[in-house]
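Okay, structure first, notes after.
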Amino acid sequence: MTLRKDEYARRRKQLMKLMGKGAIAIIPAAPERQRNSDVHYHYRPDSDFHYLTGFNEPEAVAVLIPGREQAEYILFVRDRDPTRETWDGRRAGPEGAVRDYSADDAFPVGDIDDILPGLLERCGRVYYSMGVNLDFDQRVVGWVNTLRGQTKLGIHSPQEFVALEHPLHDMRLYKSKAEATVMKRSAQIAVGAHVRAMRNTRPGVTEYEVMAELLHEFHRHQADISYHPIVGGGANGCILHYHENADTLRDGDLLLIDAGCEYGLYASDITRTFPVNGRFSPAQKAIYDIVLEAQEAAFACIKPGNHWNEPHDAAVRAITQGLVRVGLLKGRLPALIKEEAYRKFYMHRTGHWLGMDVHDVGEYKVGAEWRVFEPGMALTVEPGIYIPAGTKGVPKRWWNIGVRIEDDVLVTSSGYELLTSGLPRTTAEIERVMASAA
């Protein structure tokens with residue numbers, strides 16, 4: 001799924017308005033990455049570059065110059081090459097960059113060293129993301145220094161570098177209606193994959209076989225992984241970033257799956273935890289219900305006007321209360337929260353921004369204050385409890401219970417919309433889905 005051309009044009013116009021006249025933005029595409037020998041990883045465009053252009057080819061550079069009469073939006077792209085296109089696929093070329101991607105003008109990327117210094121000459125500020133592409137950093141600095149070396153000839157050079165990510169990432173934090181539509185589709189594909197995984201899990205199946213079910217569901221809907229799936233049974237579910245996905249699932253264990261897909265370059269991010277044999281034990285259900293209570297408490301805090309940390313504070317309170325209730329923590333609730341006693345079992349945050357990147361861009365604080373929720377922001381909500389075997393002071397009946405529940409939400413004018421609706425969340429719902437596949 002691709003967004004309409006006018007969506008990208010709106011973004012460019014908004015960014016150029018923020019930049020103002022006398023500025024230039026330079027945005028290179030992501031370079032291709034070598035996997036091994038002469039084999040490259042499947043190419044994935046840089047999120048910032050694609051956000052502004054919709055252009056999917058490597059070796060490209062976008063230039064924005066607000067108020068320039070001849071052309072405000074310029075693309076440097078690979079030239080058409082029938083031989084290379086036979087091997088590597090079609091190229092747009094400069095003509096296609098104008099025709100299909102709405103560039104005001106376009107040039108072969110091989111000519112950039114001759115053309116870009118002239119574009120920089122009359123600009124006082126350069127908007128650029130320094131440090132992302134070190135090789136390209138040197139080229140940008142070289143162009144500017146060349147101009148500075150010609151000041152005696154009356155040539156003007158930029159006097160200021162401005163971090164492009166400051167205005168651009170703030171723009172990306174607020175999802176348009178078009179973006180929200182794509183994110184819903186990404187989320188629903190991932191929901192289907194998790195249901196499929198539940199229905200194909202049973203004792204004796206391996207973690208990688210369950211992962212194969214996820215990948216099949218992603219790819220049959222023209223989606224890819226947004227990150228390497230975590231498929232951890234038993235003790236592996238207590239490892240936050242477990243990635244081997246190689247063990248055999250055992251009767252009586254829980255399976256934690258953290259997996260999302262990327263559809264139209266927008267990510268989803270879901271975690272579910274469920275029993276391998278389809279039935280929660282009393283201890284597993286007790287921990288699961290605490291995590292579910294924490295997620296519900298966090299959801300209730302997501303609305304315009306509340307700040308970013310309120311869902312986390314609510315989740316921490318619910319988890320601490322629950323751990324006291326089952327006897328895993330002892331003491332008064334305020335003191336336990338202040339001492340962060342819960343971190344023995346819950347050591348991560350309750351969510352993160354979500355968008356083109358699974359851990360999407362956007363500041364969590366503005367100045368020294370937590371950011372306030374506004375409509376259009378998208379985030380995950382993912383409390384958890386992890387009790388690996390041998391945890392000091394914990395009876396064996398709780399060992400190797402790792403539970404995380406993660407869903408994706410979009411902030412609305414009145415609260416939030418659950419993008420991952422339809423995926424079982426309660427123990428009863430999960431058991432019912434797994435029983436239907438038996």
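By convention in this document, the chains of the structure tokens carry letters A, B, ... by their order, each chain's residues are numbered from 1, and ligands are numbered from 1 in the order they are shown.
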*asked:* Residues near range 55-61 of chain A, anyone? I mean within 7 Å using only C-alpha atoms, not counting same-chain ones fewer than 5 positions away, as a PyMOL selection string.
replied: chain A and resi 27-32+45+50+75-78+101+109
message: Residues within 12 Å of Val141 in chain A, please, as a list of chain:residue names. Count only C-alpha atoms; anything in the same chain fewer than 6 positions from it doesn't count.
response: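 Returned residues: A:Ile26, A:Leu116, A:Pro117, A:Leu120, A:Val126, A:Tyr128, A:Met130, A:Gly131, A:Leu134, A:Asp135, A:Leu147, A:Arg148, A:Ser157, A:Pro158, A:Gln159, A:Glu160, A:Phe161.
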Give me a file of those residues, with C-alpha atoms, as a tab-separated table (two decimals), in the first residue's frame.
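Now in selection27.tsv:
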```tsv
chain	number	residue	atom	x	y	z
A	26	ILE	CA	19.51	17.78	2.35
A	116	LEU	CA	24.62	20.90	-5.06
A	117	PRO	CA	27.30	23.49	-4.14
A	120	LEU	CA	23.95	25.76	-1.19
A	126	VAL	CA	21.58	23.87	6.18
A	128	TYR	CA	20.75	18.04	7.81
A	130	MET	CA	24.55	14.80	11.01
A	131	GLY	CA	25.92	11.46	12.22
A	134	LEU	CA	29.07	9.27	8.09
A	135	ASP	CA	30.22	9.01	4.48
A	147	LEU	CA	32.13	27.50	-0.69
A	148	ARG	CA	33.69	29.01	2.43
A	157	SER	CA	28.29	30.11	2.06
A	158	PRO	CA	25.92	28.68	4.71
A	159	GLN	CA	26.66	29.97	8.20
A	160	GLU	CA	24.61	27.52	10.23
A	161	PHE	CA	23.90	23.78	10.42
```
task: May I have all residues of range 106-261 of chain A that DSSP, computed from the backbone, assigns to helix (DSSP H, G or I), given as a ChimeraX atom specification?
output: /A:109-120,134-148,151-153,165-173,177-199,207-219,234-238
Across A:Glu213, A:Tyr51, A:Asn400, A:Thr248, the smallest distance to Ala9 in chain A, with only C-alpha atoms counted, is shown by A:Tyr51
Review point. Which residue, A:Gln222, A:Thr412, A:Gln150, A:Thr201, has the smallest gap to Glu262 in chain A when you use only C-alpha atoms?
Key: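 Between A:Gln222, A:Thr412, A:Gln150, A:Thr201, the residue approaching Glu262 in chain A most closely is A:Gln222.
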- Message: Counting only C-alpha atoms, which residue out of A:Ser436, A:Asn309, A:Thr206, A:Thr146 sits closest to Gly278 in chain A?
- Response: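 Closest residue, counting only C-alpha atoms: A:Ser436.
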